[in-house]
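Text of run29.cif, listed as mmCIF, C-alpha atoms:
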```cif
data_input
loop_
_atom_site.group_PDB
_atom_site.id
_atom_site.type_symbol
_atom_site.label_atom_id
_atom_site.label_comp_id
_atom_site.auth_asym_id
_atom_site.auth_seq_id
_atom_site.Cartn_x
_atom_site.Cartn_y
_atom_site.Cartn_z
ATOM 1 C CA MET A 1 125.674 77.835 106.191
ATOM 2 C CA THR A 2 122.384 76.668 107.811
ATOM 3 C CA LEU A 3 119.097 78.467 107.384
ATOM 4 C CA LYS A 4 119.096 79.424 111.071
ATOM 5 C CA LYS A 5 122.512 81.080 110.811
ATOM 6 C CA LYS A 6 121.489 82.896 107.654
ATOM 7 C CA ILE A 7 118.387 84.262 109.343
ATOM 8 C CA ILE A 8 120.459 85.489 112.304
ATOM 9 C CA ILE A 9 122.831 87.269 109.910
ATOM 10 C CA LEU A 10 119.895 88.892 108.153
ATOM 11 C CA VAL A 11 118.411 90.135 111.414
ATOM 12 C CA LEU A 12 121.733 91.470 112.730
ATOM 13 C CA SER A 13 122.382 93.250 109.437
ATOM 14 C CA ALA A 14 119.037 94.985 109.682
ATOM 15 C CA CYS A 15 119.527 96.155 113.254
ATOM 16 C CA GLY A 16 121.715 99.022 112.054
ATOM 17 C CA VAL A 17 118.703 100.587 110.349
ATOM 18 C CA ALA A 18 116.396 101.332 113.241
ATOM 19 C CA GLY A 19 112.758 101.952 112.561
ATOM 20 C CA ILE A 20 112.722 100.520 109.031
ATOM 21 C CA VAL A 21 109.710 98.413 108.181
ATOM 22 C CA ILE A 22 110.208 95.899 105.407
ATOM 23 C CA PHE A 23 107.232 95.758 103.099
ATOM 24 C CA SER A 24 106.483 96.498 99.487
ATOM 25 C CA THR A 25 104.885 99.917 99.883
ATOM 26 C CA ASN A 26 105.719 103.055 101.808
ATOM 27 C CA PRO A 27 102.306 104.518 102.588
ATOM 28 C CA GLN A 28 101.899 107.914 104.195
ATOM 29 C CA GLN A 29 101.064 107.730 107.877
ATOM 30 C CA ILE A 30 97.758 109.111 109.081
ATOM 31 C CA LYS A 31 98.067 110.494 112.601
ATOM 32 C CA GLY A 32 95.103 111.745 114.594
ATOM 33 C CA GLU A 33 93.827 112.052 118.129
ATOM 34 C CA GLU A 34 90.964 109.580 117.818
ATOM 35 C CA VAL A 35 91.667 105.935 118.594
ATOM 36 C CA TYR A 36 89.765 103.539 116.347
ATOM 37 C CA GLN A 37 88.559 100.107 117.468
ATOM 38 C CA ILE A 38 89.154 97.640 114.626
ATOM 39 C CA SER A 39 88.426 93.897 114.685
ATOM 40 C CA TYR A 40 90.327 91.338 112.601
ATOM 41 C CA ILE A 41 88.413 88.094 112.013
ATOM 42 C CA HIS A 42 90.862 85.447 110.815
ATOM 43 C CA ARG A 43 90.225 81.975 109.433
ATOM 44 C CA GLY A 44 90.514 78.981 111.736
ATOM 45 C CA GLU A 45 90.710 78.780 115.496
ATOM 46 C CA ILE A 46 94.407 79.669 115.807
ATOM 47 C CA PRO A 47 96.243 81.964 113.348
ATOM 48 C CA GLU A 48 98.557 79.973 111.124
ATOM 49 C CA GLU A 49 102.170 81.127 110.924
ATOM 50 C CA SER A 50 101.532 82.990 107.671
ATOM 51 C CA GLN A 51 98.559 84.713 109.312
ATOM 52 C CA GLN A 52 100.883 85.820 112.103
ATOM 53 C CA VAL A 53 102.841 87.754 109.468
ATOM 54 C CA ILE A 54 99.609 89.455 108.366
ATOM 55 C CA LEU A 55 98.902 90.231 112.004
ATOM 56 C CA GLN A 56 102.371 91.758 112.448
ATOM 57 C CA GLY A 57 101.658 94.094 109.551
ATOM 58 C CA MET A 58 98.323 95.026 111.116
ATOM 59 C CA GLU A 59 99.927 95.700 114.477
ATOM 60 C CA GLN A 60 102.561 97.962 112.919
ATOM 61 C CA ALA A 61 99.863 99.935 111.113
ATOM 62 C CA SER A 62 97.802 100.085 114.305
ATOM 63 C CA ASN A 63 100.703 101.794 116.078
ATOM 64 C CA ALA A 64 101.057 104.287 113.231
ATOM 65 C CA PHE A 65 97.384 105.108 112.808
ATOM 66 C CA ASN A 66 96.028 105.168 116.387
ATOM 67 C CA VAL A 67 94.179 101.871 116.203
ATOM 68 C CA GLU A 68 93.289 99.409 118.938
ATOM 69 C CA LEU A 69 93.286 96.070 117.111
ATOM 70 C CA THR A 70 91.390 93.010 118.300
ATOM 71 C CA ALA A 71 92.049 89.647 116.614
ATOM 72 C CA VAL A 72 89.252 87.093 116.889
ATOM 73 C CA ASN A 73 88.805 83.663 115.311
ATOM 74 C CA SER A 74 85.878 82.357 113.314
ATOM 75 C CA GLY A 75 86.168 78.784 114.596
ATOM 76 C CA ASN A 76 85.961 76.002 112.047
ATOM 77 C CA ARG A 77 87.757 76.980 108.828
ATOM 78 C CA ALA A 78 84.653 76.357 106.724
ATOM 79 C CA ASP A 79 81.923 77.670 109.048
ATOM 80 C CA ALA A 80 80.066 80.429 107.201
ATOM 81 C CA ASN A 81 77.362 80.637 109.868
ATOM 82 C CA GLY A 82 80.038 81.114 112.511
ATOM 83 C CA GLN A 83 81.547 83.999 110.557
ATOM 84 C CA LYS A 84 78.168 85.717 110.188
ATOM 85 C CA ALA A 85 77.470 85.418 113.921
ATOM 86 C CA LEU A 86 80.924 86.746 114.773
ATOM 87 C CA LEU A 87 80.492 89.709 112.433
ATOM 88 C CA GLU A 88 77.265 90.656 114.197
ATOM 89 C CA LYS A 89 78.945 90.298 117.587
ATOM 90 C CA GLU A 90 81.897 92.552 116.688
ATOM 91 C CA VAL A 91 79.551 95.250 115.391
ATOM 92 C CA GLU A 92 77.492 95.025 118.576
ATOM 93 C CA ASN A 93 80.709 95.341 120.607
ATOM 94 C CA GLY A 94 81.379 98.716 119.018
ATOM 95 C CA ALA A 95 83.961 98.011 116.312
ATOM 96 C CA ASP A 96 84.681 101.045 114.119
ATOM 97 C CA ALA A 97 85.787 98.793 111.247
ATOM 98 C CA ILE A 98 85.988 95.086 110.409
ATOM 99 C CA LEU A 99 88.895 93.254 108.764
ATOM 100 C CA ILE A 100 88.027 89.720 107.725
ATOM 101 C CA GLU A 101 89.369 86.662 105.914
ATOM 102 C CA GLY A 102 85.937 85.821 104.643
ATOM 103 C CA ILE A 103 84.591 82.531 103.349
ATOM 104 C CA ASP A 104 83.385 82.894 99.762
ATOM 105 C CA ASP A 105 79.745 82.384 100.685
ATOM 106 C CA ASP A 106 76.626 84.293 99.610
ATOM 107 C CA GLY A 107 75.417 84.619 103.190
ATOM 108 C CA VAL A 108 78.737 86.002 104.395
ATOM 109 C CA ARG A 109 78.811 88.403 101.433
ATOM 110 C CA ALA A 110 75.318 89.699 102.246
ATOM 111 C CA GLU A 111 76.294 90.269 105.877
ATOM 112 C CA LEU A 112 79.462 92.123 104.858
ATOM 113 C CA GLU A 113 77.521 94.391 102.509
ATOM 114 C CA LYS A 114 75.020 95.170 105.259
ATOM 115 C CA ILE A 115 77.797 96.058 107.719
ATOM 116 C CA ASN A 116 79.780 97.993 105.113
ATOM 117 C CA ALA A 117 76.854 100.389 104.741
ATOM 118 C CA VAL A 118 77.436 101.425 108.355
ATOM 119 C CA ILE A 119 81.166 100.945 109.081
ATOM 120 C CA PRO A 120 84.150 100.120 106.838
ATOM 121 C CA VAL A 121 84.757 96.469 105.972
ATOM 122 C CA VAL A 122 88.075 95.277 104.544
ATOM 123 C CA GLU A 123 88.379 91.804 103.049
ATOM 124 C CA VAL A 124 91.867 90.506 103.859
ATOM 125 C CA LYS A 125 93.618 88.037 101.521
ATOM 126 C CA SER A 126 90.411 86.116 100.781
ATOM 127 C CA ARG A 127 87.310 87.789 99.343
ATOM 128 C CA THR A 128 83.634 87.114 98.770
ATOM 129 C CA GLY A 129 81.698 87.545 95.540
ATOM 130 C CA ASP A 130 83.282 88.253 92.184
ATOM 131 C CA GLY A 131 85.157 91.348 93.403
ATOM 132 C CA LYS A 132 83.817 93.524 90.563
ATOM 133 C CA ASP A 133 81.492 95.924 92.406
ATOM 134 C CA ASN A 134 84.218 97.588 94.538
ATOM 135 C CA LYS A 135 81.745 98.249 97.351
ATOM 136 C CA ILE A 136 84.008 96.576 99.881
ATOM 137 C CA ILE A 137 87.727 97.283 100.240
ATOM 138 C CA GLN A 138 89.806 94.240 99.295
ATOM 139 C CA ILE A 139 93.508 93.702 100.019
ATOM 140 C CA HIS A 140 94.975 90.642 98.324
ATOM 141 C CA ALA A 141 97.550 89.466 95.823
ATOM 142 C CA ASP A 142 96.578 88.361 92.325
ATOM 143 C CA ASP A 143 96.204 84.766 93.441
ATOM 144 C CA TYR A 144 95.107 83.458 90.050
ATOM 145 C CA VAL A 145 98.302 84.795 88.458
ATOM 146 C CA ILE A 146 100.365 83.317 91.306
ATOM 147 C CA GLY A 147 98.784 79.959 90.495
ATOM 148 C CA GLN A 148 99.508 80.368 86.792
ATOM 149 C CA GLU A 149 103.145 81.288 87.388
ATOM 150 C CA LEU A 150 103.570 78.362 89.783
ATOM 151 C CA GLY A 151 102.009 76.108 87.140
ATOM 152 C CA LYS A 152 104.497 77.315 84.512
ATOM 153 C CA SER A 153 107.369 76.529 86.876
ATOM 154 C CA ILE A 154 105.968 73.045 87.475
ATOM 155 C CA LEU A 155 105.677 72.407 83.739
ATOM 156 C CA LYS A 156 109.427 72.862 83.335
ATOM 157 C CA ARG A 157 110.024 70.020 85.791
ATOM 158 C CA LEU A 158 107.634 67.438 84.358
ATOM 159 C CA GLY A 159 108.913 64.431 82.483
ATOM 160 C CA PRO A 160 107.222 63.001 79.377
ATOM 161 C CA GLU A 161 103.615 61.938 80.083
ATOM 162 C CA GLU A 162 103.960 62.713 83.804
ATOM 163 C CA GLY A 163 100.901 64.042 85.595
ATOM 164 C CA VAL A 164 100.329 66.072 88.753
ATOM 165 C CA ILE A 165 98.228 65.631 91.868
ATOM 166 C CA LEU A 166 96.443 68.759 93.134
ATOM 167 C CA VAL A 167 95.528 68.850 96.819
ATOM 168 C CA LYS A 168 92.162 70.596 96.643
ATOM 169 C CA SER A 169 91.528 71.652 100.232
ATOM 170 C CA GLY A 170 90.509 74.989 101.719
ATOM 171 C CA THR A 171 88.966 76.286 98.496
ATOM 172 C CA GLU A 172 86.120 77.904 100.456
ATOM 173 C CA TYR A 173 88.607 80.785 100.699
ATOM 174 C CA SER A 174 89.155 82.673 97.443
ATOM 175 C CA ASP A 175 92.953 82.917 97.699
ATOM 176 C CA VAL A 176 93.290 79.125 97.877
ATOM 177 C CA ALA A 177 90.638 78.553 95.195
ATOM 178 C CA GLU A 178 92.191 80.996 92.716
ATOM 179 C CA ARG A 179 95.723 79.629 93.131
ATOM 180 C CA TYR A 180 94.356 76.146 92.527
ATOM 181 C CA LEU A 181 92.469 77.325 89.409
ATOM 182 C CA GLY A 182 95.563 79.113 88.102
ATOM 183 C CA VAL A 183 97.702 75.973 88.314
ATOM 184 C CA LYS A 184 94.934 73.791 86.906
ATOM 185 C CA GLU A 185 94.471 76.049 83.886
ATOM 186 C CA ILE A 186 98.158 75.759 82.992
ATOM 187 C CA MET A 187 98.014 71.977 83.354
ATOM 188 C CA ASP A 188 94.838 71.694 81.285
ATOM 189 C CA VAL A 189 96.122 73.912 78.471
ATOM 190 C CA SER A 190 99.300 71.818 78.332
ATOM 191 C CA ALA A 191 97.310 68.534 78.380
ATOM 192 C CA VAL A 192 98.988 67.409 81.612
ATOM 193 C CA PRO A 193 97.039 64.639 83.403
ATOM 194 C CA VAL A 194 95.578 65.983 86.667
ATOM 195 C CA GLU A 195 94.322 64.096 89.703
ATOM 196 C CA GLU A 196 92.549 65.944 92.503
ATOM 197 C CA VAL A 197 92.456 64.883 96.157
ATOM 198 C CA ASP A 198 90.814 66.453 99.199
ATOM 199 C CA ALA A 199 93.040 66.263 102.278
ATOM 200 C CA GLY A 200 90.344 67.313 104.747
ATOM 201 C CA THR A 201 91.070 69.212 107.964
ATOM 202 C CA ASP A 202 92.061 66.428 110.386
ATOM 203 C CA GLU A 203 95.859 66.443 110.746
ATOM 204 C CA VAL A 204 96.242 62.734 111.518
ATOM 205 C CA SER A 205 94.039 61.612 108.623
ATOM 206 C CA ARG A 206 95.772 64.064 106.308
ATOM 207 C CA ALA A 207 99.247 62.807 107.234
ATOM 208 C CA LEU A 208 98.187 59.193 106.612
ATOM 209 C CA MET A 209 96.602 60.117 103.278
ATOM 210 C CA PHE A 210 99.753 61.906 102.095
ATOM 211 C CA THR A 211 101.925 58.958 103.095
ATOM 212 C CA ASN A 212 99.695 56.550 101.180
ATOM 213 C CA LEU A 213 99.621 58.928 98.218
ATOM 214 C CA MET A 214 103.405 59.073 98.016
ATOM 215 C CA ALA A 215 103.685 55.314 98.405
ATOM 216 C CA ASN A 216 101.859 54.932 95.088
ATOM 217 C CA GLN A 217 104.522 54.358 92.448
ATOM 218 C CA SER A 218 102.691 56.531 89.914
ATOM 219 C CA THR A 219 102.965 59.628 92.144
ATOM 220 C CA ARG A 220 105.699 61.996 90.947
ATOM 221 C CA HIS A 221 104.433 65.572 91.398
ATOM 222 C CA ILE A 222 102.122 66.962 94.118
ATOM 223 C CA VAL A 223 100.851 70.535 94.538
ATOM 224 C CA ALA A 224 99.260 72.084 97.661
ATOM 225 C CA PHE A 225 97.708 75.541 97.981
ATOM 226 C CA SER A 226 97.917 76.453 101.667
ATOM 227 C CA SER A 227 100.595 76.251 104.326
ATOM 228 C CA PRO A 228 99.197 73.374 106.477
ATOM 229 C CA GLU A 229 98.896 71.017 103.502
ATOM 230 C CA LEU A 230 102.283 72.023 102.065
ATOM 231 C CA GLU A 231 104.011 71.493 105.420
ATOM 232 C CA ALA A 232 102.326 68.111 105.850
ATOM 233 C CA LEU A 233 103.503 67.003 102.406
ATOM 234 C CA GLY A 234 107.060 68.094 103.208
ATOM 235 C CA LYS A 235 106.994 66.232 106.505
ATOM 236 C CA ALA A 236 105.711 63.010 104.911
ATOM 237 C CA LYS A 237 108.410 63.154 102.236
ATOM 238 C CA GLN A 238 111.232 63.962 104.657
ATOM 239 C CA GLU A 239 110.337 61.096 106.989
ATOM 240 C CA ASN A 240 110.531 58.401 104.295
ATOM 241 C CA PRO A 241 113.654 58.032 102.112
ATOM 242 C CA ASP A 242 111.575 56.106 99.563
ATOM 243 C CA PHE A 243 109.790 59.363 98.691
ATOM 244 C CA LYS A 244 112.936 61.331 97.814
ATOM 245 C CA ASP A 245 112.186 61.383 94.066
ATOM 246 C CA ILE A 246 108.719 62.901 94.502
ATOM 247 C CA SER A 247 108.500 66.621 93.696
ATOM 248 C CA ILE A 248 106.402 68.897 95.908
ATOM 249 C CA TYR A 249 105.168 72.374 95.011
ATOM 250 C CA GLY A 250 102.758 74.812 96.581
ATOM 251 C CA THR A 251 101.881 78.180 98.040
ATOM 252 C CA GLY A 252 102.579 79.182 101.615
ATOM 253 C CA ASN A 253 105.231 80.762 103.788
ATOM 254 C CA THR A 254 106.299 79.373 107.153
ATOM 255 C CA ASN A 255 109.729 78.727 108.646
ATOM 256 C CA GLN A 256 109.227 74.992 108.162
ATOM 257 C CA ILE A 257 108.277 75.420 104.512
ATOM 258 C CA ILE A 258 111.405 77.523 103.934
ATOM 259 C CA ASN A 259 113.514 74.816 105.605
ATOM 260 C CA TYR A 260 111.968 72.177 103.354
ATOM 261 C CA LEU A 261 112.598 74.392 100.317
ATOM 262 C CA GLU A 262 116.252 74.928 101.198
ATOM 263 C CA SER A 263 116.845 71.235 101.848
ATOM 264 C CA GLY A 264 115.242 70.174 98.559
ATOM 265 C CA THR A 265 112.265 68.481 100.184
ATOM 266 C CA ILE A 266 109.989 71.040 98.523
ATOM 267 C CA GLN A 267 110.922 72.138 94.997
ATOM 268 C CA VAL A 268 109.075 75.428 94.347
ATOM 269 C CA ILE A 269 106.757 77.734 96.306
ATOM 270 C CA GLY A 270 104.680 80.779 95.476
ATOM 271 C CA VAL A 271 104.499 83.508 98.133
ATOM 272 C CA SER A 272 102.917 86.946 98.403
ATOM 273 C CA ASN A 273 103.750 89.866 100.681
ATOM 274 C CA GLU A 274 101.592 88.935 103.657
ATOM 275 C CA TYR A 275 103.060 91.735 105.772
ATOM 276 C CA SER A 276 101.881 94.394 103.319
ATOM 277 C CA ILE A 277 98.445 92.767 103.173
ATOM 278 C CA GLY A 278 98.109 93.229 106.922
ATOM 279 C CA TYR A 279 99.528 96.748 107.000
ATOM 280 C CA LEU A 280 97.429 98.048 104.128
ATOM 281 C CA SER A 281 94.258 96.482 105.533
ATOM 282 C CA VAL A 282 94.472 98.646 108.660
ATOM 283 C CA ARG A 283 95.693 101.713 106.792
ATOM 284 C CA ASN A 284 92.877 101.602 104.255
ATOM 285 C CA ALA A 285 90.258 101.050 106.959
ATOM 286 C CA VAL A 286 91.480 104.206 108.710
ATOM 287 C CA MET A 287 91.499 106.143 105.440
ATOM 288 C CA LYS A 288 87.873 105.102 104.877
ATOM 289 C CA LEU A 289 86.963 106.158 108.415
ATOM 290 C CA ASN A 290 88.597 109.521 107.741
ATOM 291 C CA GLU A 291 86.685 109.767 104.446
ATOM 292 C CA GLU A 292 89.922 109.886 102.453
ATOM 293 C CA GLU A 293 90.405 108.450 98.992
ATOM 294 C CA ILE A 294 91.699 104.887 99.134
ATOM 295 C CA GLU A 295 94.995 104.356 97.360
ATOM 296 C CA LYS A 296 95.406 101.292 95.157
ATOM 297 C CA ASN A 297 98.407 99.140 96.022
ATOM 298 C CA GLN A 298 99.702 96.087 94.206
ATOM 299 C CA ILE A 299 100.741 93.223 96.460
ATOM 300 C CA LYS A 300 104.029 91.717 95.340
ATOM 301 C CA TYR A 301 104.569 87.980 94.942
ATOM 302 C CA SER A 302 107.323 85.640 93.836
ATOM 303 C CA ILE A 303 107.811 82.067 92.628
ATOM 304 C CA ILE A 304 110.854 80.717 94.478
ATOM 305 C CA ASP A 305 113.066 77.627 94.352
ATOM 306 C CA ALA A 306 116.001 76.766 96.618
ATOM 307 C CA SER A 307 118.501 78.758 94.562
ATOM 308 C CA GLN A 308 116.444 81.955 94.911
ATOM 309 C CA ILE A 309 115.739 82.041 98.653
ATOM 310 C CA TYR A 310 118.350 84.678 99.470
ATOM 311 C CA LYS A 311 117.740 87.053 96.584
ATOM 312 C CA LYS A 312 117.030 90.470 98.055
ATOM 313 C CA GLU A 313 113.510 90.737 96.674
ATOM 314 C CA ASN A 314 112.629 87.273 98.014
ATOM 315 C CA GLN A 315 114.095 87.920 101.460
ATOM 316 C CA ARG A 316 111.491 90.661 101.919
ATOM 317 C CA LEU A 317 108.714 88.163 101.314
ATOM 318 C CA LEU A 318 110.149 85.168 103.164
ATOM 319 C CA PHE A 319 111.694 86.928 106.171
ATOM 320 C CA PRO A 320 109.524 89.947 107.033
ATOM 321 C CA PHE A 321 110.373 91.602 110.363
ATOM 322 C CA VAL A 322 110.135 94.975 112.082
ATOM 323 C CA GLN A 323 112.919 96.819 113.874
#
```
Will you turn the file into structure tokens for me?
Amino acid sequence: MTLKKKIIILVLSACGVAGIVIFSTNPQQIKGEEVYQISYIHRGEIPEESQQVILQGMEQASNAFNVELTAVNSGNRADANGQKALLEKEVENGADAILIEGIDDDGVRAELEKINAVIPVVEVKSRTGDGKDNKIIQIHADDYVIGQELGKSILKRLGPEEGVILVKSGTEYSDVAERYLGVKEIMDVSAVPVEEVDAGTDEVSRALMFTNLMANQSTRHIVAFSSPELEALGKAKQENPDFKDISIYGTGNTNQIINYLESGTIQVIGVSNEYSIGYLSVRNAVMKLNEEEIEKNQIKYSIIDASQIYKKENQRLLFPFVQ
């Protein structure tokens, strides 16, 4: 049965349970007469597919909690100055709260702290600073642990004296950086040779670099830490039969990545509940606006290979949808 058919079956099966939202928590709804204006500042110019899942969670929460949600982009993925300017603009435009995938930058952190003294700020998925002061609400998975667990899964697949290549791109965001550090720690502790490469942000250059990387006879295992890089690796491998023996691992969740996982192009992925991240970001912002105590919620994650795609607990992470 193809992935497409399986997805259709999953959706049709769920249609009999109207109004059910699939995510890892079941928070109490907060209904009120006031409509809050909340801005979501996402990384990059266009939301990636995994960010669309976060946005779906936000939109569902917005309907439940009387929120008018505005999604805006921060331009270049690594532009801290652009994020600071956009934060100021959204406050000036009258936002009641800010949700942001912030770059881990001292200047961005200072701006967030300044704004948080006036209106609620929620750091979504990525966070700034060391996360120990709890002044700013943060909604994210334990990305370091996800990296460690992915690293342990990779170890089981390494041959004698084989090393790994880590694609170190996008680490200006804490979720990417911590997953990378988690994998690297496992490799270092196990004395596995590690090579690091930076894929950059240009798609054409990145595709060429991955092709050249796989053409090297010493390349056997490659790890990426965000969806664009993981998809690009899968595409390069799928397009060249000579690369069939190379193993690819990473973190990310898009339809294409799931296809590559099912077909054996990608061996293992780590995913977190992006839908819950989005939902809880809006919910907690509203709770802060209503001066209510913020509940702590653990974001679920899973390390998945092809044989585990259709386990119930993994379906909720890989195929989130709302009836």
Legend entry - Atomic separation - atom CA of A:Gly44 relative to atom CA of A:Ala117, Å: 26.3 Å
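The set of protein, DNA and RNA residues with any counted atom at most 10 Å from (84.1, 106.8, 109.0) (only C-alpha atoms) reads Tyr36, Asp96, Ala97, Val118, Ile119, Pro120, Ala285, Val286, Met287, Lys288, Leu289, Asn290, Glu291 and Glu292 of chain A.
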Inset, instruction - Carefully work through the PyMOL selection byres ((chain A and resi 212-221) around 9) for this structure and note down the residues it includes, as a PyMOL selection string. - result: chain A and resi 154+158+162-166+207-211+222-223+236-237+242-243+245-249
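Here the PyMOL selection byres ((chain A and resi 235) around 10) captures the residues Ala207, Phe210, Thr211, Glu229, Leu230, Glu231, Ala232, Leu233, Gly234, Ala236, Lys237, Gln238, Glu239, Asn240, Gln256, Ile257, Tyr260, Thr265 and Ile266 of chain A.
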Legend entry - Nearby residues (only C-alpha atoms) at most 7 Å from A:Ile100, same-chain spacing under 4 positions excluded, as a list in words: Tyr40, Ile41, His42, Val122, Glu123 and Val124 of chain A
List every residue of stretch 149-237 of chain A that has an atom at most 12 Å from any atom of stretch 298-309 of chain A, giving for each one its closest atom pair and the distance in Å to one decimal, counting all atoms listed in the file, sorted by chain and then by ascending residue number, as a tab-separated table.
```
residue	atom	partner	partner_atom	distance
A:Glu149	CA	A:Ile303	CA	7.1
A:Leu150	CA	A:Ile303	CA	6.3
A:Gly151	CA	A:Ile303	CA	10.0
A:Lys152	CA	A:Ile303	CA	10.0
A:Ser153	CA	A:Ile303	CA	8.0
A:Ile154	CA	A:Ile303	CA	10.6
A:Arg157	CA	A:Asp305	CA	11.8
```
Inset, instruction - Any chance you could resolve the PyMOL selection byres ((chain A and resi 186-190) around 9) against this file and give the residues as a PyMOL selection string? - result: chain A and resi 147-149+151-152+155+163-164+181-185+191-194
Would you save the residues from that selection as a compact mmCIF listing (two decimals), keeping the file's coordinate frame, using C-alpha atoms?
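out-v9.txt was written with the following content:
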```txt
# COMPACT_ATOMS: atom_id res chain seq x y z
CA GLY A 147 98.78 79.96 90.50
CA GLN A 148 99.51 80.37 86.79
CA GLU A 149 103.14 81.29 87.39
CA GLY A 151 102.01 76.11 87.14
CA LYS A 152 104.50 77.32 84.51
CA LEU A 155 105.68 72.41 83.74
CA GLY A 163 100.90 64.04 85.60
CA VAL A 164 100.33 66.07 88.75
CA LEU A 181 92.47 77.32 89.41
CA GLY A 182 95.56 79.11 88.10
CA VAL A 183 97.70 75.97 88.31
CA LYS A 184 94.93 73.79 86.91
CA GLU A 185 94.47 76.05 83.89
CA ALA A 191 97.31 68.53 78.38
CA VAL A 192 98.99 67.41 81.61
CA PRO A 193 97.04 64.64 83.40
CA VAL A 194 95.58 65.98 86.67
```
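If all atoms listed in the file are the atoms counted, then among A:Asp202, A:Lys156, A:Gly170, A:Glu293 the closest residue to A:Gln267 is A:Lys156.
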Find the axis-aligned box for stretch 279-290 of chain A, covering all its listed atoms and adding 4 Å on each side, and write its centre and edge lengths in Å to one decimal as lines of an AutoDock Vina configuration file.
```
center_x = 93.2
center_y = 103.0
center_z = 106.4
size_x = 20.6
size_y = 21.0
size_z = 12.6
```
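For A:Ile115, the non-local neighbours within 9 Å, defined as residues at least 5 positions apart in the same chain or in other chains and counting all atoms listed in the file, are Leu87, Glu88, Val91, Ile98, Ala110, Pro120 and Val121 of chain A.
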Next, the residues of the selection above should be written as a PDB file, in the frame of the given file with C-alpha atoms.
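part-v7.pdb written:
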```pdb
ATOM      1  CA  LEU A  87      80.492  89.709 112.433  1.00  0.00           C
ATOM      2  CA  GLU A  88      77.265  90.656 114.197  1.00  0.00           C
ATOM      3  CA  VAL A  91      79.551  95.250 115.391  1.00  0.00           C
ATOM      4  CA  ILE A  98      85.988  95.086 110.409  1.00  0.00           C
ATOM      5  CA  ALA A 110      75.318  89.699 102.246  1.00  0.00           C
ATOM      6  CA  PRO A 120      84.150 100.120 106.838  1.00  0.00           C
ATOM      7  CA  VAL A 121      84.757  96.469 105.972  1.00  0.00           C
TER       8      VAL A 121
END
```
Inset, instruction - Identify which of the residues A:Gly107, A:Pro241, A:Gly200, A:Pro320 lies closest to A:Ser276, counting all atoms listed in the file when measuring atom-to-atom distances. - result: A:Pro320
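The list of residues within 12 Å of (73.3, 86.7, 104.4), counted using all atoms listed in the file, is Ala80, Asn81, Gly82, Gln83, Lys84, Ala85, Leu87, Glu88, Asp104, Asp105, Asp106, Gly107, Val108, Arg109, Ala110, Glu111, Leu112, Glu113, Lys114, Ile115 and Thr128 of chain A.
A straight line drawn from atom CA of A:Ala71 to atom CA of A:Asn284 is 17.2 Å long.
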Inset, instruction - Report the distance between atom CA of A:Ile146 and atom CA of A:Tyr275 in Å, rounded to one decimal place. - result: 17.0 Å
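Checking A:Lys168, A:Ala95, A:Asn73, A:Pro228 one by one against A:Val35, counting only C-alpha atoms, you find the shortest gap at A:Ala95.
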